[in-house]
file coords-v4.cif (mmCIF, C-alpha atoms and all ligand atoms)
data_start
#
loop_
_atom_site.group_PDB
_atom_site.id
_atom_site.type_symbol
_atom_site.label_atom_id
_atom_site.label_comp_id
_atom_site.auth_asym_id
_atom_site.auth_seq_id
_atom_site.Cartn_x
_atom_site.Cartn_y
_atom_site.Cartn_z
ATOM 1 C CA MET T 28 0.000 0.000 0.000
ATOM 2 C CA LYS T 29 1.090 3.536 -0.751
ATOM 3 C CA ILE T 30 0.309 6.587 1.412
ATOM 4 C CA LEU T 31 0.382 10.194 0.259
ATOM 5 C CA VAL T 32 1.127 12.753 2.988
ATOM 6 C CA PRO T 33 0.690 16.459 2.160
ATOM 7 C CA VAL T 34 2.970 18.633 4.322
ATOM 8 C CA LYS T 35 2.611 22.411 4.504
ATOM 9 C CA ARG T 36 5.354 24.903 5.339
ATOM 10 C CA VAL T 37 4.011 27.329 7.940
ATOM 11 C CA ILE T 38 5.376 29.770 10.551
ATOM 12 C CA ASP T 39 6.887 27.728 13.390
ATOM 13 C CA TYR T 40 4.322 27.389 16.176
ATOM 14 C CA ASN T 41 6.787 28.841 18.723
ATOM 15 C CA VAL T 42 7.060 32.125 16.843
ATOM 16 C CA LYS T 43 4.991 35.096 17.991
ATOM 17 C CA VAL T 44 3.335 36.157 14.761
ATOM 18 C CA ARG T 45 3.545 39.889 13.919
ATOM 19 C CA VAL T 46 0.995 41.687 11.768
ATOM 20 C CA LYS T 47 2.453 43.842 8.955
ATOM 21 C CA SER T 48 2.163 47.570 9.571
ATOM 22 C CA ASP T 49 0.007 48.026 6.435
ATOM 23 C CA GLU T 50 -2.395 45.302 7.753
ATOM 24 C CA SER T 51 -2.056 43.353 4.501
ATOM 25 C CA GLY T 52 -0.955 40.129 6.205
ATOM 26 C CA VAL T 53 1.594 38.772 8.682
ATOM 27 C CA GLU T 54 5.339 39.292 8.629
ATOM 28 C CA LEU T 55 7.106 36.370 6.911
ATOM 29 C CA ALA T 56 10.544 37.906 6.313
ATOM 30 C CA ASN T 57 13.244 36.339 8.527
ATOM 31 C CA VAL T 58 10.651 34.288 10.422
ATOM 32 C CA LYS T 59 11.373 30.680 11.404
ATOM 33 C CA MET T 60 9.257 28.306 9.330
ATOM 34 C CA ALA T 61 8.502 24.632 10.015
ATOM 35 C CA MET T 62 6.231 21.770 9.027
ATOM 36 C CA ASN T 63 2.599 22.289 10.076
ATOM 37 C CA PRO T 64 2.319 20.369 13.414
ATOM 38 C CA PHE T 65 -0.728 18.369 12.278
ATOM 39 C CA ASP T 66 1.261 17.261 9.212
ATOM 40 C CA GLU T 67 4.102 16.059 11.462
ATOM 41 C CA ILE T 68 1.486 13.842 13.103
ATOM 42 C CA ALA T 69 0.353 12.634 9.653
ATOM 43 C CA VAL T 70 3.921 11.723 8.645
ATOM 44 C CA GLU T 71 4.469 9.940 11.978
ATOM 45 C CA GLU T 72 1.285 7.906 11.523
ATOM 46 C CA ALA T 73 2.293 6.886 8.002
ATOM 47 C CA VAL T 74 5.766 5.873 9.239
ATOM 48 C CA ARG T 75 4.269 3.804 12.062
ATOM 49 C CA LEU T 76 2.044 1.974 9.534
ATOM 50 C CA LYS T 77 5.122 1.314 7.418
ATOM 51 C CA GLU T 78 7.052 0.032 10.431
ATOM 52 C CA ALA T 79 4.108 -2.269 11.213
ATOM 53 C CA GLY T 80 4.461 -3.753 7.717
ATOM 54 C CA GLN T 81 1.089 -2.424 6.506
ATOM 55 C CA VAL T 82 2.504 0.129 4.071
ATOM 56 C CA GLU T 83 5.253 -0.095 1.452
ATOM 57 C CA GLU T 84 5.738 3.490 0.358
ATOM 58 C CA ILE T 85 5.184 6.979 1.762
ATOM 59 C CA VAL T 86 5.177 9.967 -0.599
ATOM 60 C CA ALA T 87 5.382 13.452 0.960
ATOM 61 C CA VAL T 88 3.929 16.359 -1.046
ATOM 62 C CA SER T 89 4.334 20.070 -0.476
ATOM 63 C CA ILE T 90 2.897 22.919 -2.518
ATOM 64 C CA GLY T 91 4.539 26.322 -2.368
ATOM 65 C CA VAL T 92 7.761 28.286 -2.592
ATOM 66 C CA GLN T 93 11.236 26.835 -3.195
ATOM 67 C CA GLN T 94 11.886 26.454 0.571
ATOM 68 C CA CYS T 95 9.084 23.857 0.818
ATOM 69 C CA GLN T 96 11.902 21.465 -0.163
ATOM 70 C CA GLU T 97 13.093 21.734 3.465
ATOM 71 C CA THR T 98 9.647 20.698 4.701
ATOM 72 C CA ILE T 99 9.714 17.684 2.385
ATOM 73 C CA ARG T 100 13.269 16.844 3.560
ATOM 74 C CA THR T 101 11.991 16.846 7.153
ATOM 75 C CA ALA T 102 9.332 14.297 6.177
ATOM 76 C CA LEU T 103 11.988 12.220 4.371
ATOM 77 C CA ALA T 104 14.231 12.335 7.462
ATOM 78 C CA VAL T 105 11.424 10.946 9.612
ATOM 79 C CA GLY T 106 10.726 8.069 7.223
ATOM 80 C CA ALA T 107 8.933 9.147 4.033
ATOM 81 C CA ASP T 108 10.454 7.507 0.936
ATOM 82 C CA ARG T 109 10.258 10.245 -1.671
ATOM 83 C CA GLY T 110 8.872 13.702 -2.213
ATOM 84 C CA ILE T 111 6.892 15.709 -4.734
ATOM 85 C CA HIS T 112 7.270 19.479 -4.666
ATOM 86 C CA VAL T 113 4.659 21.473 -6.550
ATOM 87 C CA VAL T 114 6.495 24.765 -6.951
ATOM 88 C CA THR T 115 4.636 28.085 -6.917
ATOM 89 C CA ASP T 116 5.162 31.546 -5.434
ATOM 90 C CA GLU T 117 1.405 32.188 -5.310
ATOM 91 C CA THR T 118 -0.599 31.882 -2.088
ATOM 92 C CA VAL T 119 -2.387 28.600 -2.692
ATOM 93 C CA GLU T 120 -5.892 28.432 -1.249
ATOM 94 C CA PRO T 121 -7.398 25.167 0.095
ATOM 95 C CA LEU T 122 -9.467 24.485 -3.055
ATOM 96 C CA ALA T 123 -6.406 24.824 -5.300
ATOM 97 C CA VAL T 124 -4.383 22.605 -2.923
ATOM 98 C CA ALA T 125 -7.173 20.007 -3.006
ATOM 99 C CA LYS T 126 -7.292 20.116 -6.833
ATOM 100 C CA ILE T 127 -3.511 19.664 -7.069
ATOM 101 C CA LEU T 128 -3.637 16.778 -4.591
ATOM 102 C CA GLN T 129 -6.477 15.204 -6.606
ATOM 103 C CA LYS T 130 -4.259 15.216 -9.709
ATOM 104 C CA LEU T 131 -1.369 13.711 -7.750
ATOM 105 C CA VAL T 132 -3.654 11.024 -6.332
ATOM 106 C CA ASP T 133 -4.748 10.149 -9.901
ATOM 107 C CA LYS T 134 -1.069 9.873 -10.869
ATOM 108 C CA GLU T 135 0.253 8.062 -7.781
ATOM 109 C CA THR T 136 -2.836 5.954 -6.900
ATOM 110 C CA PRO T 137 -2.267 5.796 -3.122
ATOM 111 C CA GLN T 138 -4.753 3.854 -0.990
ATOM 112 C CA LEU T 139 -4.661 6.440 1.734
ATOM 113 C CA VAL T 140 -4.036 10.172 2.057
ATOM 114 C CA ILE T 141 -3.151 11.189 5.618
ATOM 115 C CA MET T 142 -3.049 14.943 6.163
ATOM 116 C CA GLY T 143 -3.435 17.559 8.887
ATOM 117 C CA LYS T 144 -6.921 18.565 10.019
ATOM 118 C CA GLN T 145 -5.814 22.174 9.592
ATOM 119 C CA ALA T 146 -2.858 24.335 8.792
ATOM 120 C CA ILE T 147 -1.975 26.537 11.777
ATOM 121 C CA ASP T 148 -1.368 29.594 9.565
ATOM 122 C CA ASP T 149 -4.724 30.022 7.816
ATOM 123 C CA ASP T 150 -6.748 27.684 10.119
ATOM 124 C CA SER T 151 -8.967 26.780 7.169
ATOM 125 C CA ASN T 152 -9.739 23.144 8.042
ATOM 126 C CA GLN T 153 -10.980 22.596 4.480
ATOM 127 C CA THR T 154 -8.402 20.856 2.329
ATOM 128 C CA GLY T 155 -8.929 17.247 3.486
ATOM 129 C CA GLN T 156 -12.690 17.522 3.177
ATOM 130 C CA MET T 157 -12.454 19.151 -0.264
ATOM 131 C CA LEU T 158 -9.998 16.510 -1.468
ATOM 132 C CA ALA T 159 -12.281 13.668 -0.320
ATOM 133 C CA ALA T 160 -15.205 15.338 -2.142
ATOM 134 C CA LEU T 161 -13.235 15.848 -5.370
ATOM 135 C CA LEU T 162 -12.057 12.230 -5.327
ATOM 136 C CA GLY T 163 -15.419 10.823 -4.227
ATOM 137 C CA TRP T 164 -13.568 9.025 -1.416
ATOM 138 C CA PRO T 165 -14.680 8.403 2.181
ATOM 139 C CA GLN T 166 -13.128 10.639 4.825
ATOM 140 C CA GLY T 167 -12.201 10.160 8.471
ATOM 141 C CA THR T 168 -11.546 13.640 9.860
ATOM 142 C CA PHE T 169 -10.023 14.657 13.233
ATOM 143 C CA ALA T 170 -8.581 11.176 13.759
ATOM 144 C CA SER T 171 -7.236 10.328 17.207
ATOM 145 C CA LYS T 172 -6.787 6.640 16.269
ATOM 146 C CA LEU T 173 -6.356 4.862 12.953
ATOM 147 C CA ALA T 174 -6.386 1.106 12.342
ATOM 148 C CA LEU T 175 -6.161 -0.492 8.898
ATOM 149 C CA ASN T 176 -7.976 -3.776 8.304
ATOM 150 C CA GLY T 177 -7.460 -5.081 4.779
ATOM 151 C CA SER T 178 -9.858 -3.220 2.525
ATOM 152 C CA GLY T 179 -10.913 -0.646 5.109
ATOM 153 C CA ALA T 180 -9.915 1.478 8.072
ATOM 154 C CA GLU T 181 -11.332 2.192 11.507
ATOM 155 C CA VAL T 182 -11.007 5.835 12.449
ATOM 156 C CA THR T 183 -11.680 7.134 15.942
ATOM 157 C CA ARG T 184 -12.679 10.765 15.664
ATOM 158 C CA GLU T 185 -12.540 13.567 18.194
ATOM 159 C CA VAL T 186 -16.053 14.993 18.298
ATOM 160 C CA ASP T 187 -17.779 17.352 20.743
ATOM 161 C CA GLY T 188 -18.086 15.604 24.085
ATOM 162 C CA GLY T 189 -16.366 12.345 23.172
ATOM 163 C CA LEU T 190 -15.036 9.967 20.571
ATOM 164 C CA GLU T 191 -16.770 8.482 17.540
ATOM 165 C CA THR T 192 -15.425 5.394 15.768
ATOM 166 C CA ILE T 193 -16.304 4.948 12.110
ATOM 167 C CA GLY T 194 -15.474 2.287 9.530
ATOM 168 C CA ILE T 195 -14.477 3.545 6.082
ATOM 169 C CA LYS T 196 -13.538 1.757 2.879
ATOM 170 C CA LEU T 197 -10.171 2.368 1.236
ATOM 171 C CA PRO T 198 -9.081 4.385 -0.652
ATOM 172 C CA ALA T 199 -9.796 7.203 1.791
ATOM 173 C CA VAL T 200 -8.683 10.534 3.199
ATOM 174 C CA VAL T 201 -7.822 10.740 6.915
ATOM 175 C CA THR T 202 -7.091 14.020 8.705
ATOM 176 C CA THR T 203 -5.124 14.043 11.940
ATOM 177 C CA ASP T 204 -5.982 15.454 15.347
ATOM 178 C CA LEU T 205 -3.457 16.186 18.108
ATOM 179 C CA ARG T 206 -3.904 12.985 20.086
ATOM 180 C CA LEU T 207 -3.255 10.583 17.188
ATOM 181 C CA ASN T 208 0.435 10.187 18.120
ATOM 182 C CA GLU T 209 3.545 12.002 19.299
ATOM 183 C CA PRO T 210 5.831 12.669 16.342
ATOM 184 C CA ARG T 211 9.467 11.591 16.699
ATOM 185 C CA TYR T 212 12.496 13.762 16.087
ATOM 186 C CA ALA T 213 14.611 12.948 13.049
ATOM 187 C CA SER T 214 17.988 11.449 13.986
ATOM 188 C CA LEU T 215 21.154 12.913 12.473
ATOM 189 C CA PRO T 216 21.924 9.791 10.379
ATOM 190 C CA ASN T 217 18.379 9.879 9.010
ATOM 191 C CA ILE T 218 18.694 13.591 8.184
ATOM 192 C CA MET T 219 21.841 12.723 6.194
ATOM 193 C CA LYS T 220 20.110 9.783 4.479
ATOM 194 C CA ALA T 221 17.139 11.995 3.585
ATOM 195 C CA LYS T 222 19.413 14.187 1.460
ATOM 196 C CA LYS T 223 19.754 11.292 -0.985
ATOM 197 C CA LYS T 224 16.032 10.578 -1.270
ATOM 198 C CA PRO T 225 14.414 11.849 -4.500
ATOM 199 C CA ILE T 226 12.185 14.936 -4.694
ATOM 200 C CA GLU T 227 10.350 15.477 -7.979
ATOM 201 C CA GLN T 228 9.574 19.102 -8.847
ATOM 202 C CA ILE T 229 6.560 20.102 -10.911
ATOM 203 C CA ALA T 230 4.524 23.243 -11.527
ATOM 204 C CA PRO T 231 0.752 23.525 -10.913
ATOM 205 C CA ALA T 232 0.347 24.239 -14.659
ATOM 206 C CA ASP T 233 1.936 20.804 -15.430
ATOM 207 C CA LEU T 234 -1.076 19.342 -13.640
ATOM 208 C CA GLY T 235 -3.458 21.696 -15.435
ATOM 209 C CA ILE T 236 -4.350 23.580 -12.248
ATOM 210 C CA ASP T 237 -4.787 27.339 -12.048
ATOM 211 C CA VAL T 238 -3.857 28.482 -8.529
ATOM 212 C CA THR T 239 -4.870 32.132 -8.912
ATOM 213 C CA PRO T 240 -6.403 33.147 -5.549
ATOM 214 C CA ARG T 241 -10.181 33.589 -5.478
ATOM 215 C CA MET T 242 -10.247 35.343 -2.148
ATOM 216 C CA GLU T 243 -9.001 38.803 -1.335
ATOM 217 C CA THR T 244 -7.685 39.521 2.167
ATOM 218 C CA LEU T 245 -9.200 42.850 3.143
ATOM 219 C CA LYS T 246 -7.136 43.323 6.275
ATOM 220 C CA VAL T 247 -5.316 41.481 9.033
ATOM 221 C CA THR T 248 -5.295 43.073 12.482
ATOM 222 C CA ASN T 249 -3.943 42.277 15.937
ATOM 223 C CA PRO T 250 -6.405 41.137 18.609
ATOM 224 C CA PRO T 251 -7.277 43.958 21.040
ATOM 225 C CA ALA T 252 -4.568 44.430 23.682
ATOM 226 C CA ARG T 253 -5.538 43.160 27.137
ATOM 227 C CA SER T 254 -5.956 45.879 29.716
ATOM 228 C CA ALA T 255 -4.287 45.574 33.128
ATOM 229 C CA GLY T 256 -6.153 43.866 35.981
ATOM 230 C CA VAL T 257 -7.234 45.499 39.263
ATOM 231 C CA LYS T 258 -7.314 44.234 42.854
ATOM 232 C CA VAL T 259 -10.665 44.273 44.609
ATOM 233 C CA ALA T 260 -11.064 44.729 48.344
ATOM 234 C CA ASP T 261 -13.850 42.207 48.919
ATOM 235 C CA VAL T 262 -16.473 39.975 47.333
ATOM 236 C CA ALA T 263 -19.055 42.743 47.275
ATOM 237 C CA GLU T 264 -16.784 44.937 45.156
ATOM 238 C CA LEU T 265 -16.034 42.009 42.835
ATOM 239 C CA VAL T 266 -19.727 41.320 42.301
ATOM 240 C CA GLU T 267 -20.388 45.026 41.754
ATOM 241 C CA LYS T 268 -17.634 45.193 39.080
ATOM 242 C CA LEU T 269 -18.792 42.006 37.352
ATOM 243 C CA LYS T 270 -22.321 43.424 37.213
ATOM 244 C CA ASN T 271 -21.739 47.032 36.321
ATOM 245 C CA GLU T 272 -18.325 47.185 34.591
ATOM 246 C CA ALA T 273 -17.801 43.807 32.925
ATOM 247 C CA LYS T 274 -21.562 43.282 32.632
ATOM 248 C CA VAL T 275 -21.115 39.502 32.703
ATOM 249 C CA ILE T 276 -23.569 38.714 35.505
HETATM 250 P P1 LIG W 1 -6.147 23.727 5.686
HETATM 251 O O1 LIG W 1 -7.381 23.196 5.041
HETATM 252 O O2 LIG W 1 -5.514 24.875 4.938
HETATM 253 O O3 LIG W 1 -6.344 24.077 7.142
HETATM 254 O O4 LIG W 1 -5.027 22.562 5.624
HETATM 255 C C1 LIG W 1 -5.305 21.226 6.002
HETATM 256 C C2 LIG W 1 -4.186 20.323 5.558
HETATM 257 O O5 LIG W 1 -4.057 20.381 4.116
HETATM 258 C C3 LIG W 1 -2.788 20.654 6.072
HETATM 259 O O6 LIG W 1 -2.582 20.146 7.368
HETATM 260 C C4 LIG W 1 -1.915 19.938 5.022
HETATM 261 O O7 LIG W 1 -1.860 18.551 5.274
HETATM 262 C C5 LIG W 1 -2.711 20.151 3.731
HETATM 263 N N1 LIG W 1 -2.203 21.344 3.024
HETATM 264 C C6 LIG W 1 -2.754 22.586 2.992
HETATM 265 N N2 LIG W 1 -2.001 23.430 2.246
HETATM 266 C C7 LIG W 1 -0.943 22.709 1.799
HETATM 267 C C8 LIG W 1 0.213 22.986 0.990
HETATM 268 N N3 LIG W 1 0.424 24.213 0.499
HETATM 269 N N4 LIG W 1 1.089 21.985 0.740
HETATM 270 C C9 LIG W 1 0.869 20.747 1.241
HETATM 271 N N5 LIG W 1 -0.175 20.423 2.010
HETATM 272 C C10 LIG W 1 -1.074 21.373 2.282
#
call {"tool": "encode", "arguments": {"input": "coords-v4.cif", "output": "structure tokens"}}
result
Amino acid sequence: MKILVPVKRVIDYNVKVRVKSDESGVELANVKMAMNPFDEIAVEEAVRLKEAGQVEEIVAVSIGVQQCQETIRTALAVGADRGIHVVTDETVEPLAVAKILQKLVDKETPQLVIMGKQAIDDDSNQTGQMLAALLGWPQGTFASKLALNGSGAEVTREVDGGLETIGIKLPAVVTTDLRLNEPRYASLPNIMKAKKKPIEQIAPADLGIDVTPRMETLKVTNPPARSAGVKVADVAELVEKLKNEAKVI
């Protein structure tokens, strides 16, 4: 079985994101970038399935600027076998990503696509669902457990107030939630080995996909700054402030 794992290059989750002064977006110059954390979980899950002997090949895919190569290399260092880099300088919206992935699925014929439930930069939470719809495949979203059983998979999903376990037929799309696994760190020898693994480069136009954005960002602003707290003398004053100032009771 072959698994396709899309991996997005995003601002590292430890970085405090700064809004550009012209409110057109967030500052990306000289900012540390990394693999989207949910995609790290997707790669880890694919590698674990390979280690369990249930999967033969893992293909990591990234769509974006030249530096997405580094994101693919990270996936290769953790255990993916080869990479596909769809190179573009455009901002690629979820629908365009899903259309590109659909074309790659047609070409690569994986049995499973494991991807993040959302990218932590745009927080869209759309691509996996759109890809499943375009392919006409079943989907198991927000997976906190995944078990393959021959022609199908059992996916335990994180839903409001509990867990839901569903059975889906393969081929399918699975999107990862935080509790699915804890991704490993790449070892130095594996980072060196990853440099020799192949990465194919293609352009969206080679796949016949137009990635021109359909949305226009009107403005990006900082959340309102928090005002300083005050000390209250007693419960009566607290209740008075909650009622008359905060107006929450
Ligand atoms: P989103 O729908 O944008 O929140 O992204 C959900 C998932 O789609 C991510 O966790 C990735 O697995 C995948 N994805 C989105 N954009 C890209 C991209 N540019 N390259 C590769 N994978 C992507």
call {"tool": "residues_around", "arguments": {"input": "coords-v4.cif", "residues": "Gly167 in chain T", "least_positions_apart": "4", "cutoff": "7 Å", "atoms": "only C-alpha atoms", "output": "number ranges by chain"}}
result
T: 182, 200-202
call {"tool": "closest_residue", "arguments": {"input": "coords-v4.cif", "among": "T:Ile38, T:Val53, T:Leu197, T:Leu128", "to": "ligand LIG 1 (chain W)", "atoms": "all atoms listed in the file"}}
result
T:Leu128
call {"tool": "resolve_selection", "arguments": {"input": "coords-v4.cif", "expression": "the PyMOL selection byres (((chain T and resi 178) around 10) and not hetatm)", "output": "CSV table (one decimal) with C-alpha atoms, in the frame of the given file"}}
result
chain,number,residue,atom,x,y,z
T,138,GLN,CA,-4.8,3.9,-1.0
T,175,LEU,CA,-6.2,-0.5,8.9
T,176,ASN,CA,-8.0,-3.8,8.3
T,177,GLY,CA,-7.5,-5.1,4.8
T,179,GLY,CA,-10.9,-0.6,5.1
T,180,ALA,CA,-9.9,1.5,8.1
T,195,ILE,CA,-14.5,3.5,6.1
T,196,LYS,CA,-13.5,1.8,2.9
T,197,LEU,CA,-10.2,2.4,1.2
T,198,PRO,CA,-9.1,4.4,-0.7
call {"tool": "residues_around", "arguments": {"input": "coords-v4.cif", "residues": "Thr203 in chain T", "least_positions_apart": "6", "cutoff": "9 Å", "atoms": "only C-alpha atoms", "output": "number ranges by chain"}}
result
T: 65-66, 68-69, 72, 141-145, 167-172
call {"tool": "closest_residue", "arguments": {"input": "coords-v4.cif", "among": "T:Ala104, T:Val58, T:Ile99, T:Val82", "to": "ligand LIG 1 (chain W)", "atoms": "all atoms listed in the file"}}
result
T:Ile99
call {"tool": "residues_near_ligand", "arguments": {"input": "coords-v4.cif", "ligand": "ligand LIG 1 (chain W)", "cutoff": "7 Å", "atoms": "all atoms listed in the file", "output": "JSON, numbers by chain"}}
result
{"T": [32, 33, 34, 35, 36, 63, 65, 66, 88, 89, 90, 91, 119, 121, 124, 142, 143, 144, 145, 146, 147, 149, 150, 151, 152, 153, 154, 155]}
call {"tool": "decode", "arguments": {"input": "coords-v4.cif", "residues": "range 138-157 of chain T", "atoms": "N, CA, C and O atoms", "output": "PDB file, in the first residue's frame"}}
result
ATOM      1  N   GLN T 138      -3.530   4.389  -1.597  1.00  0.00           N
ATOM      2  CA  GLN T 138      -4.753   3.854  -0.990  1.00  0.00           C
ATOM      3  C   GLN T 138      -5.247   4.754   0.122  1.00  0.00           C
ATOM      4  O   GLN T 138      -6.379   4.640   0.582  1.00  0.00           O
ATOM      5  N   LEU T 139      -4.324   5.599   0.589  1.00  0.00           N
ATOM      6  CA  LEU T 139      -4.661   6.440   1.734  1.00  0.00           C
ATOM      7  C   LEU T 139      -3.945   7.778   1.601  1.00  0.00           C
ATOM      8  O   LEU T 139      -2.778   7.825   1.186  1.00  0.00           O
ATOM      9  N   VAL T 140      -4.677   8.863   1.905  1.00  0.00           N
ATOM     10  CA  VAL T 140      -4.036  10.172   2.057  1.00  0.00           C
ATOM     11  C   VAL T 140      -4.191  10.528   3.525  1.00  0.00           C
ATOM     12  O   VAL T 140      -5.309  10.562   4.040  1.00  0.00           O
ATOM     13  N   ILE T 141      -3.067  10.734   4.223  1.00  0.00           N
ATOM     14  CA  ILE T 141      -3.151  11.189   5.618  1.00  0.00           C
ATOM     15  C   ILE T 141      -2.631  12.615   5.650  1.00  0.00           C
ATOM     16  O   ILE T 141      -1.506  12.881   5.215  1.00  0.00           O
ATOM     17  N   MET T 142      -3.452  13.539   6.150  1.00  0.00           N
ATOM     18  CA  MET T 142      -3.049  14.943   6.163  1.00  0.00           C
ATOM     19  C   MET T 142      -3.526  15.614   7.443  1.00  0.00           C
ATOM     20  O   MET T 142      -4.322  15.033   8.194  1.00  0.00           O
ATOM     21  N   GLY T 143      -3.038  16.847   7.674  1.00  0.00           N
ATOM     22  CA  GLY T 143      -3.435  17.559   8.887  1.00  0.00           C
ATOM     23  C   GLY T 143      -4.887  17.968   8.835  1.00  0.00           C
ATOM     24  O   GLY T 143      -5.445  18.199   7.764  1.00  0.00           O
ATOM     25  N   LYS T 144      -5.520  18.090  10.017  1.00  0.00           N
ATOM     26  CA  LYS T 144      -6.921  18.565  10.019  1.00  0.00           C
ATOM     27  C   LYS T 144      -6.957  20.047   9.677  1.00  0.00           C
ATOM     28  O   LYS T 144      -7.933  20.542   9.139  1.00  0.00           O
ATOM     29  N   GLN T 145      -5.865  20.770   9.999  1.00  0.00           N
ATOM     30  CA  GLN T 145      -5.814  22.174   9.592  1.00  0.00           C
ATOM     31  C   GLN T 145      -4.382  22.667   9.600  1.00  0.00           C
ATOM     32  O   GLN T 145      -3.530  22.089  10.277  1.00  0.00           O
ATOM     33  N   ALA T 146      -4.169  23.701   8.805  1.00  0.00           N
ATOM     34  CA  ALA T 146      -2.858  24.335   8.792  1.00  0.00           C
ATOM     35  C   ALA T 146      -2.912  25.467   9.810  1.00  0.00           C
ATOM     36  O   ALA T 146      -3.886  26.232   9.822  1.00  0.00           O
ATOM     37  N   ILE T 147      -1.871  25.568  10.669  1.00  0.00           N
ATOM     38  CA  ILE T 147      -1.975  26.537  11.777  1.00  0.00           C
ATOM     39  C   ILE T 147      -1.777  27.980  11.311  1.00  0.00           C
ATOM     40  O   ILE T 147      -1.912  28.895  12.098  1.00  0.00           O
ATOM     41  N   ASP T 148      -1.478  28.203  10.016  1.00  0.00           N
ATOM     42  CA  ASP T 148      -1.368  29.594   9.565  1.00  0.00           C
ATOM     43  C   ASP T 148      -2.726  30.166   9.145  1.00  0.00           C
ATOM     44  O   ASP T 148      -3.171  31.182   9.636  1.00  0.00           O
ATOM     45  N   ASP T 149      -3.434  29.457   8.245  1.00  0.00           N
ATOM     46  CA  ASP T 149      -4.724  30.022   7.816  1.00  0.00           C
ATOM     47  C   ASP T 149      -5.913  29.413   8.561  1.00  0.00           C
ATOM     48  O   ASP T 149      -7.032  29.904   8.437  1.00  0.00           O
ATOM     49  N   ASP T 150      -5.671  28.326   9.336  1.00  0.00           N
ATOM     50  CA  ASP T 150      -6.748  27.684  10.119  1.00  0.00           C
ATOM     51  C   ASP T 150      -7.989  27.381   9.288  1.00  0.00           C
ATOM     52  O   ASP T 150      -9.112  27.520   9.773  1.00  0.00           O
ATOM     53  N   SER T 151      -7.803  26.978   8.039  1.00  0.00           N
ATOM     54  CA  SER T 151      -8.967  26.780   7.169  1.00  0.00           C
ATOM     55  C   SER T 151      -9.772  25.530   7.516  1.00  0.00           C
ATOM     56  O   SER T 151     -10.983  25.553   7.529  1.00  0.00           O
ATOM     57  N   ASN T 152      -9.064  24.420   7.779  1.00  0.00           N
ATOM     58  CA  ASN T 152      -9.739  23.144   8.042  1.00  0.00           C
ATOM     59  C   ASN T 152     -10.681  22.805   6.883  1.00  0.00           C
ATOM     60  O   ASN T 152     -11.876  22.575   7.072  1.00  0.00           O
ATOM     61  N   GLN T 153     -10.146  22.830   5.667  1.00  0.00           N
ATOM     62  CA  GLN T 153     -10.980  22.596   4.480  1.00  0.00           C
ATOM     63  C   GLN T 153     -10.378  21.587   3.515  1.00  0.00           C
ATOM     64  O   GLN T 153     -11.105  20.903   2.803  1.00  0.00           O
ATOM     65  N   THR T 154      -9.048  21.547   3.450  1.00  0.00           N
ATOM     66  CA  THR T 154      -8.402  20.856   2.329  1.00  0.00           C
ATOM     67  C   THR T 154      -8.729  19.359   2.293  1.00  0.00           C
ATOM     68  O   THR T 154      -9.034  18.817   1.231  1.00  0.00           O
ATOM     69  N   GLY T 155      -8.657  18.697   3.445  1.00  0.00           N
ATOM     70  CA  GLY T 155      -8.929  17.247   3.486  1.00  0.00           C
ATOM     71  C   GLY T 155     -10.340  16.950   3.026  1.00  0.00           C
ATOM     72  O   GLY T 155     -10.589  16.047   2.205  1.00  0.00           O
ATOM     73  N   GLN T 156     -11.285  17.738   3.529  1.00  0.00           N
ATOM     74  CA  GLN T 156     -12.690  17.522   3.177  1.00  0.00           C
ATOM     75  C   GLN T 156     -12.918  17.775   1.684  1.00  0.00           C
ATOM     76  O   GLN T 156     -13.631  17.029   1.009  1.00  0.00           O
ATOM     77  N   MET T 157     -12.295  18.841   1.162  1.00  0.00           N
ATOM     78  CA  MET T 157     -12.454  19.151  -0.264  1.00  0.00           C
ATOM     79  C   MET T 157     -11.834  18.050  -1.125  1.00  0.00           C
ATOM     80  O   MET T 157     -12.398  17.655  -2.151  1.00  0.00           O
TER      81      MET T 157
END
